[in-house]
>>> print(open('work.txt').read())   # compact mmCIF, C-alpha atoms and all ligand atoms
# COMPACT_ATOMS: atom_id res chain seq x y z
CA MET A 10 0.00 0.00 0.00
CA GLU A 11 3.02 2.20 -0.51
CA GLY A 12 2.10 5.72 -1.66
CA LEU A 13 -1.61 5.27 -0.95
CA PRO A 14 -3.24 7.59 1.61
CA GLN A 15 -4.29 6.21 5.00
CA GLY A 16 -6.54 7.32 7.87
CA ALA A 17 -8.01 10.84 7.77
CA GLU A 18 -5.96 11.65 4.65
CA LYS A 19 -7.63 8.73 2.85
CA VAL A 20 -11.13 9.94 3.87
CA ARG A 21 -10.36 13.41 2.43
CA ALA A 22 -8.83 11.94 -0.74
CA VAL A 23 -11.78 9.57 -1.32
CA ARG A 24 -14.37 12.34 -0.83
CA HIS A 25 -12.43 14.70 -3.11
CA MET A 26 -12.02 12.03 -5.80
CA PHE A 27 -15.68 11.01 -5.88
CA ASP A 28 -16.81 14.66 -5.84
CA ALA A 29 -14.58 15.19 -8.89
CA ILE A 30 -15.83 12.20 -10.92
CA ALA A 31 -19.50 12.24 -9.84
CA GLY A 32 -20.88 13.73 -13.07
CA ARG A 33 -19.52 10.93 -15.29
CA TYR A 34 -19.31 8.18 -12.63
CA GLU A 35 -22.07 5.96 -14.00
CA LEU A 36 -20.91 6.23 -17.62
CA VAL A 37 -17.27 5.39 -16.86
CA ASN A 38 -18.31 2.64 -14.43
CA SER A 39 -20.42 0.99 -17.07
CA ILE A 40 -17.62 1.15 -19.68
CA ALA A 41 -14.94 0.00 -17.21
CA SER A 42 -16.99 -3.05 -16.20
CA LEU A 43 -18.15 -3.70 -19.79
CA GLY A 44 -21.71 -3.34 -18.53
CA MET A 45 -21.33 -6.17 -16.00
CA ASP A 46 -21.84 -3.86 -13.00
CA ARG A 47 -25.64 -3.97 -13.44
CA GLY A 48 -25.80 -7.75 -13.15
CA TRP A 49 -23.46 -7.71 -10.16
CA ARG A 50 -25.67 -5.17 -8.35
CA ARG A 51 -28.78 -7.23 -9.15
CA HIS A 52 -27.10 -10.30 -7.70
CA CYS A 53 -25.99 -8.34 -4.63
CA VAL A 54 -29.56 -7.25 -3.82
CA GLU A 55 -31.07 -10.68 -4.62
CA ALA A 56 -28.62 -12.28 -2.19
CA LEU A 57 -30.22 -10.42 0.72
CA GLY A 58 -33.26 -12.69 0.46
CA LEU A 59 -35.43 -10.51 2.71
CA PRO A 60 -39.21 -10.07 2.51
CA ALA A 61 -40.64 -7.22 0.44
CA GLY A 62 -40.96 -4.02 2.45
CA SER A 63 -37.70 -4.64 4.35
CA VAL A 64 -35.75 -1.49 5.16
CA VAL A 65 -32.30 -1.69 3.56
CA LEU A 66 -29.33 0.62 4.10
CA ASP A 67 -27.18 1.22 1.01
CA VAL A 68 -23.77 2.03 2.50
CA ALA A 69 -21.73 4.33 0.22
CA THR A 70 -24.63 4.64 -2.19
CA GLY A 71 -22.85 7.05 -4.54
CA THR A 72 -25.33 7.93 -7.28
CA GLY A 73 -27.89 5.54 -5.80
CA ASP A 74 -27.65 2.52 -8.12
CA LEU A 75 -28.13 -0.01 -5.32
CA CYS A 76 -31.01 2.04 -3.89
CA ARG A 77 -32.75 1.78 -7.24
CA GLU A 78 -32.02 -1.94 -7.47
CA SER A 79 -33.29 -2.45 -3.90
CA ALA A 80 -36.51 -0.54 -4.62
CA ALA A 81 -36.99 -2.67 -7.76
CA HIS A 82 -36.85 -5.73 -5.47
CA GLY A 83 -39.61 -4.30 -3.26
CA TYR A 84 -37.31 -3.11 -0.46
CA ARG A 85 -37.39 0.33 1.17
CA PRO A 86 -33.84 1.64 0.71
CA VAL A 87 -31.99 4.45 2.49
CA GLY A 88 -28.73 5.66 0.96
CA LEU A 89 -25.69 6.96 2.84
CA ASP A 90 -22.54 8.48 1.36
CA LEU A 91 -19.82 10.94 2.37
CA SER A 92 -19.49 12.61 -1.05
CA PRO A 93 -21.88 15.52 -1.60
CA GLY A 94 -20.95 15.44 -5.28
CA MET A 95 -22.04 11.81 -5.71
CA LEU A 96 -25.28 12.37 -3.77
CA SER A 97 -26.07 15.42 -5.89
CA GLN A 98 -25.98 13.16 -8.99
CA ALA A 99 -28.18 10.46 -7.42
CA HIS A 100 -31.40 9.62 -9.17
CA THR A 101 -33.39 7.63 -6.67
CA ALA A 102 -36.51 8.27 -4.64
CA ALA A 103 -34.80 6.83 -1.55
CA PRO A 104 -33.94 9.13 1.37
CA LEU A 105 -30.23 10.03 1.19
CA VAL A 106 -27.96 10.81 4.13
CA LEU A 107 -24.64 12.66 3.85
CA ALA A 108 -22.37 10.97 6.41
CA ASP A 109 -19.29 8.82 6.89
CA ALA A 110 -20.30 5.16 7.14
CA LEU A 111 -18.03 4.91 10.20
CA ALA A 112 -20.24 7.45 11.99
CA ALA A 113 -23.66 6.45 10.64
CA PRO A 114 -26.35 8.51 12.39
CA PHE A 115 -28.83 5.65 12.88
CA ARG A 116 -30.31 4.01 15.98
CA PRO A 117 -29.44 0.40 16.82
CA ALA A 118 -31.47 -2.22 14.92
CA SER A 119 -32.92 0.37 12.49
CA PHE A 120 -32.49 -1.79 9.38
CA ASP A 121 -33.49 -5.26 8.14
CA GLY A 122 -30.61 -5.37 5.70
CA ALA A 123 -27.62 -3.52 4.26
CA VAL A 124 -25.90 -3.54 0.90
CA SER A 125 -22.81 -1.82 -0.45
CA GLY A 126 -21.31 -1.62 -3.91
CA PHE A 127 -17.64 -1.05 -4.72
CA ALA A 128 -16.95 0.65 -1.39
CA LEU A 129 -14.95 -1.82 0.71
CA ARG A 130 -11.63 -0.55 -0.75
CA ASN A 131 -12.51 3.01 0.12
CA VAL A 132 -13.37 2.65 3.80
CA VAL A 133 -10.53 3.39 6.20
CA ASP A 134 -11.39 0.75 8.82
CA LEU A 135 -13.44 -2.21 7.54
CA SER A 136 -13.57 -3.92 10.90
CA ALA A 137 -15.15 -0.75 12.42
CA LEU A 138 -17.59 -0.59 9.49
CA PHE A 139 -18.74 -4.17 10.13
CA THR A 140 -19.16 -3.46 13.84
CA ASP A 141 -21.37 -0.48 13.06
CA LEU A 142 -23.36 -2.47 10.49
CA ALA A 143 -24.01 -5.07 13.18
CA ARG A 144 -25.21 -2.25 15.46
CA VAL A 145 -27.70 -0.77 12.97
CA LEU A 146 -29.08 -4.16 11.80
CA ARG A 147 -31.75 -6.06 13.70
CA PRO A 148 -30.89 -9.60 14.77
CA GLY A 149 -31.50 -11.84 11.75
CA GLY A 150 -30.81 -8.90 9.42
CA ARG A 151 -28.79 -9.57 6.27
CA ILE A 152 -25.86 -7.89 4.58
CA SER A 153 -24.65 -8.24 1.00
CA LEU A 154 -21.40 -6.46 0.15
CA LEU A 155 -20.14 -6.22 -3.42
CA ASP A 156 -16.73 -5.09 -4.59
CA LEU A 157 -14.29 -5.68 -7.39
CA ALA A 158 -11.67 -8.43 -7.11
CA GLN A 159 -8.56 -9.55 -8.94
CA PRO A 160 -8.81 -12.89 -10.76
CA GLU A 161 -6.33 -15.52 -9.60
CA GLN A 162 -5.90 -17.47 -12.80
CA GLY A 163 -3.61 -17.08 -15.86
CA LEU A 164 -5.03 -15.28 -18.88
CA LEU A 165 -7.95 -13.70 -17.08
CA ARG A 166 -5.58 -12.26 -14.48
CA LEU A 167 -3.33 -10.86 -17.21
CA GLY A 168 -6.24 -9.40 -19.19
CA HIS A 169 -7.73 -7.91 -16.04
CA HIS A 170 -4.40 -6.36 -15.12
CA TYR A 171 -4.00 -4.61 -18.49
CA TRP A 172 -7.63 -3.53 -18.58
CA SER A 173 -7.49 -2.02 -15.05
CA ALA A 174 -4.00 -0.55 -15.28
CA TYR A 175 -4.20 0.93 -18.80
CA ALA A 176 -7.64 0.87 -20.45
CA VAL A 177 -9.67 2.13 -17.48
CA PRO A 178 -7.32 5.08 -16.72
CA PHE A 179 -7.29 5.92 -20.44
CA VAL A 180 -11.10 5.94 -20.71
CA GLY A 181 -11.33 7.76 -17.36
CA SER A 182 -8.94 10.48 -18.49
CA LEU A 183 -10.86 10.98 -21.76
CA LEU A 184 -14.28 11.19 -20.13
CA SER A 185 -13.64 12.25 -16.56
CA ASP A 186 -10.73 12.89 -14.16
CA ALA A 187 -7.37 11.35 -15.08
CA GLU A 188 -5.94 11.36 -11.54
CA ALA A 189 -8.96 9.56 -10.09
CA TYR A 190 -8.89 6.79 -12.68
CA HIS A 191 -5.17 6.25 -12.14
CA TYR A 192 -5.87 5.92 -8.42
CA LEU A 193 -8.72 3.44 -8.79
CA PRO A 194 -6.64 0.48 -10.09
CA ARG A 195 -4.06 1.17 -7.38
CA SER A 196 -6.83 1.01 -4.77
CA PHE A 197 -6.98 -2.79 -5.25
CA ALA A 198 -4.09 -2.84 -2.81
CA TYR A 199 -6.49 -1.83 -0.02
CA LEU A 200 -8.61 -4.97 -0.49
CA PRO A 201 -8.10 -7.38 2.39
CA SER A 202 -8.06 -11.13 1.82
CA PRO A 203 -11.37 -13.01 2.04
CA ALA A 204 -10.08 -14.74 5.20
CA GLU A 205 -9.57 -11.35 6.88
CA VAL A 206 -12.99 -10.08 5.82
CA VAL A 207 -14.68 -13.24 7.11
CA LYS A 208 -12.78 -12.95 10.42
CA TRP A 209 -13.85 -9.30 10.88
CA LEU A 210 -17.48 -10.03 9.94
CA GLU A 211 -17.66 -12.86 12.46
CA ALA A 212 -15.99 -10.76 15.17
CA ALA A 213 -18.55 -8.00 14.52
CA GLY A 214 -21.47 -10.38 15.12
CA PHE A 215 -22.31 -11.82 11.70
CA GLY A 216 -22.75 -15.51 11.01
CA GLY A 217 -23.20 -17.81 8.02
CA VAL A 218 -20.69 -15.70 6.09
CA GLU A 219 -20.49 -16.63 2.42
CA HIS A 220 -17.92 -15.34 -0.06
CA GLU A 221 -18.69 -15.68 -3.76
CA LEU A 222 -16.55 -14.74 -6.76
CA LEU A 223 -18.47 -13.38 -9.76
CA SER A 224 -17.56 -13.30 -13.47
CA GLY A 225 -14.43 -15.42 -13.09
CA GLY A 226 -13.21 -13.48 -10.06
CA ILE A 227 -13.51 -9.93 -11.45
CA SER A 228 -15.89 -9.08 -8.64
CA GLN A 229 -16.89 -10.58 -5.33
CA ILE A 230 -19.68 -10.55 -2.82
CA TYR A 231 -19.90 -11.24 0.92
CA VAL A 232 -23.27 -12.27 2.34
CA ALA A 233 -23.95 -12.77 6.05
CA THR A 234 -26.63 -12.73 8.73
CA ARG A 235 -26.65 -10.60 11.88
CA GLN A 236 -26.47 -13.03 14.77
CA PRO A 237 -29.10 -12.72 17.50
CA THR A 238 -26.80 -12.24 20.47
CA GLY A 239 -24.02 -9.87 21.54
CA HIS A 240 -22.24 -7.09 19.67
CA ALA A 241 -25.32 -4.81 19.49
C1 LIG A 301 -17.10 3.32 -6.26
S1 LIG A 301 -18.33 4.31 -5.54
C2 LIG A 301 -19.69 3.20 -5.44
C3 LIG A 301 -21.04 3.85 -5.52
C4 LIG A 301 -22.22 2.90 -5.56
N1 LIG A 301 -22.30 2.11 -4.36
C5 LIG A 301 -22.21 1.99 -6.77
O1 LIG A 301 -22.61 0.84 -6.64
O2 LIG A 301 -21.88 2.45 -7.85
C6 LIG A 301 -17.78 4.35 -3.85
C7 LIG A 301 -18.60 5.30 -3.00
O3 LIG A 301 -18.21 5.11 -1.65
C8 LIG A 301 -18.31 6.36 -0.99
N2 LIG A 301 -17.57 6.23 0.27
C9 LIG A 301 -16.28 5.92 0.42
N3 LIG A 301 -15.95 5.86 1.72
C10 LIG A 301 -17.08 6.14 2.41
C11 LIG A 301 -17.39 6.24 3.78
N4 LIG A 301 -16.46 6.03 4.73
N5 LIG A 301 -18.63 6.56 4.15
C12 LIG A 301 -19.61 6.77 3.21
N6 LIG A 301 -19.37 6.70 1.88
C13 LIG A 301 -18.12 6.38 1.48
C14 LIG A 301 -17.76 7.33 -2.01
O4 LIG A 301 -18.11 8.66 -1.74
C15 LIG A 301 -18.39 6.78 -3.30
O5 LIG A 301 -19.62 7.41 -3.57
>>> encode(input="work.txt", output="structure tokens")
Amino acid sequence: MEGLPQGAEKVRAVRHMFDAIAGRYELVNSIASLGMDRGWRRHCVEALGLPAGSVVLDVATGTGDLCRESAAHGYRPVGLDLSPGMLSQAHTAAPLVLADALAAPFRPASFDGAVSGFALRNVVDLSALFTDLARVLRPGGRISLLDLAQPEQGLLRLGHHYWSAYAVPFVGSLLSDAEAYHYLPRSFAYLPSPAEVVKWLEAAGFGGVEHELLSGGISQIYVATRQPTGHA
């Protein structure tokens, strides 16, 4: 993680970066993922498996894509994000809250579920995030957390490397902010191993943790259930 910001500096850098790219975020995201991001978000929301009408927090909602997907599944979403620029570009009917996910202004057990998309790399302290998610979820509540990943195997790994390191920054610099899209591939270095994520989720009070790789390991999803005792 050499050269990448940490702690409070990372929070400022992340907010500044997403404010800068907000206007073209969805377009570049769709090109960078070759349109696969929509299917990944659909899968993320489906994996919650909650009854219609459930109240779902979209952590780091950005422009509200997962709020829209959650509403399409019959849930009642609430979006939270620390970037005013991203929230100003959101097109969702869901209530939106401007806040850091590590200081979420919600009462304990306020939500039936929580989702997040492409945010795990950006949060300064994932273990603290999971602890707060356990606090705001009711016992039995579900989480489904989606992020990118780096494929393990041969050709796909090579192709993914060149796409992320060269094509995405090139497209980003043509359509949006060059600095931000050079940072994004480097931000893979923040991603902890699945074993670490599972350990932190369990320590925070989640059980039945499942980790699934999508599209040959280009993205990944963690699904878990808030355990009924402790940690609240
Ligand atoms: C890559 S975007 C993802 C947006 C959206 N979830 C999606 O599926 O497209 C990451 C978002 O995380 C937000 N973010 C990063 N760290 C955050 C934090 N600590 N609290 C709240 N939002 C955060 C950024 O502002 C940005 O909008």
>>> closest_residue(input="work.txt", among="A:Ser92, A:Thr140, A:Gln159, A:Asn38", to="ligand LIG 301 (chain A)", atoms="only C-alpha atoms and all ligand atoms")
A:Ser92
>>> closest_atom_pairs(input="work.txt", of="chain A", to="ligand LIG 301 (chain A)", cutoff="8 Å", atoms="all atoms listed in the file", output="CSV")
residue,atom,partner,partner_atom,distance
A:Val20,CA,A:LIG301,N4,6.7
A:Val23,CA,A:LIG301,C9,6.0
A:Arg24,CA,A:LIG301,O4,5.3
A:Phe27,CA,A:LIG301,O4,5.3
A:Asp28,CA,A:LIG301,O4,7.4
A:Ala31,CA,A:LIG301,O5,7.9
A:Tyr34,CA,A:LIG301,O2,7.9
A:Glu35,CA,A:LIG301,O2,7.1
A:Asn38,CA,A:LIG301,O2,7.5
A:Asp46,CA,A:LIG301,O1,7.9
A:Arg50,CA,A:LIG301,O1,7.0
A:Asp67,CA,A:LIG301,N1,7.3
A:Val68,CA,A:LIG301,C12,6.3
A:Ala69,CA,A:LIG301,N6,3.7
A:Thr70,CA,A:LIG301,N1,4.1
A:Gly71,CA,A:LIG301,O5,3.4
A:Thr72,CA,A:LIG301,C4,6.2
A:Gly73,CA,A:LIG301,C4,6.3
A:Asp74,CA,A:LIG301,O1,5.5
A:Leu75,CA,A:LIG301,O1,5.7
A:Leu89,CA,A:LIG301,C12,6.1
A:Asp90,CA,A:LIG301,N6,3.7
A:Leu91,CA,A:LIG301,C12,4.3
A:Ser92,CA,A:LIG301,O4,4.2
A:Pro93,CA,A:LIG301,O4,7.8
A:Met95,CA,A:LIG301,O5,5.5
A:Leu96,CA,A:LIG301,O5,7.5
A:Leu107,CA,A:LIG301,C12,7.8
A:Ala108,CA,A:LIG301,C12,6.0
A:Asp109,CA,A:LIG301,N5,3.6
A:Ala110,CA,A:LIG301,N5,3.7
A:Leu111,CA,A:LIG301,N4,5.8
A:Ser125,CA,A:LIG301,N1,5.6
A:Gly126,CA,A:LIG301,N1,3.9
A:Phe127,CA,A:LIG301,C1,4.7
A:Ala128,CA,A:LIG301,C6,4.5
A:Leu129,CA,A:LIG301,N3,7.8
A:Asn131,CA,A:LIG301,N3,4.7
A:Val132,CA,A:LIG301,N3,4.6
A:Val133,CA,A:LIG301,N4,6.7
>>> residues_around(input="work.txt", residues="A:Ser185", least_positions_apart="5", cutoff="9 Å", atoms="all atoms listed in the file", output="number ranges by chain")
A: 29-34, 37, 180, 190
>>> write_last_selection(input="work.txt", atoms="C-alpha atoms", output="short mmCIF file (atom, residue, chain, number, x, y, z; two decimals), in the coordinates of the input")
data_model
loop_
_atom_site.label_atom_id
_atom_site.label_comp_id
_atom_site.auth_asym_id
_atom_site.auth_seq_id
_atom_site.Cartn_x
_atom_site.Cartn_y
_atom_site.Cartn_z
CA ALA A 29 -14.58 15.19 -8.89
CA ILE A 30 -15.83 12.20 -10.92
CA ALA A 31 -19.50 12.24 -9.84
CA GLY A 32 -20.88 13.73 -13.07
CA ARG A 33 -19.52 10.93 -15.29
CA TYR A 34 -19.31 8.18 -12.63
CA VAL A 37 -17.27 5.39 -16.86
CA VAL A 180 -11.10 5.94 -20.71
CA TYR A 190 -8.89 6.79 -12.68
#
>>> atom_distance(input="work.txt", atom1="atom CA of A:Ile227", atom2="atom CA of A:Gly48")
12.6 Å
>>> atom_distance(input="work.txt", atom1="atom CA of A:Asp156", atom2="atom CA of A:Pro60")
24.1 Å
>>> closest_residue(input="work.txt", among="A:Leu154, A:Leu167, A:Ala103, A:Leu184", to="A:Leu138", atoms="all atoms listed in the file")
A:Leu154
>>> atom_distance(input="work.txt", atom1="atom CA of A:Glu221", atom2="atom CA of A:Gly150")
19.1 Å
>>> closest_residue(input="work.txt", among="A:Tyr199, A:Gly168, A:Leu222, A:Pro194", to="A:Leu155", atoms="only C-alpha atoms")
A:Leu222
>>> axis_aligned_box(input="work.txt", around="stretch 103-106 of chain A", padding_each_side="6 Å", output="lines of an AutoDock Vina configuration file")
center_x = -31.4
center_y = 8.8
center_z = 1.3
size_x = 18.8
size_y = 16.0
size_z = 17.7
>>> closest_residue(input="work.txt", among="A:Ala41, A:Asp134, A:Pro117, A:Ala17", to="A:Phe179", atoms="all atoms listed in the file")
A:Ala41
>>> closest_residue(input="work.txt", among="A:Ala158, A:Leu193, A:Ala99, A:Leu142", to="A:Gln236", atoms="only C-alpha atoms")
A:Leu142
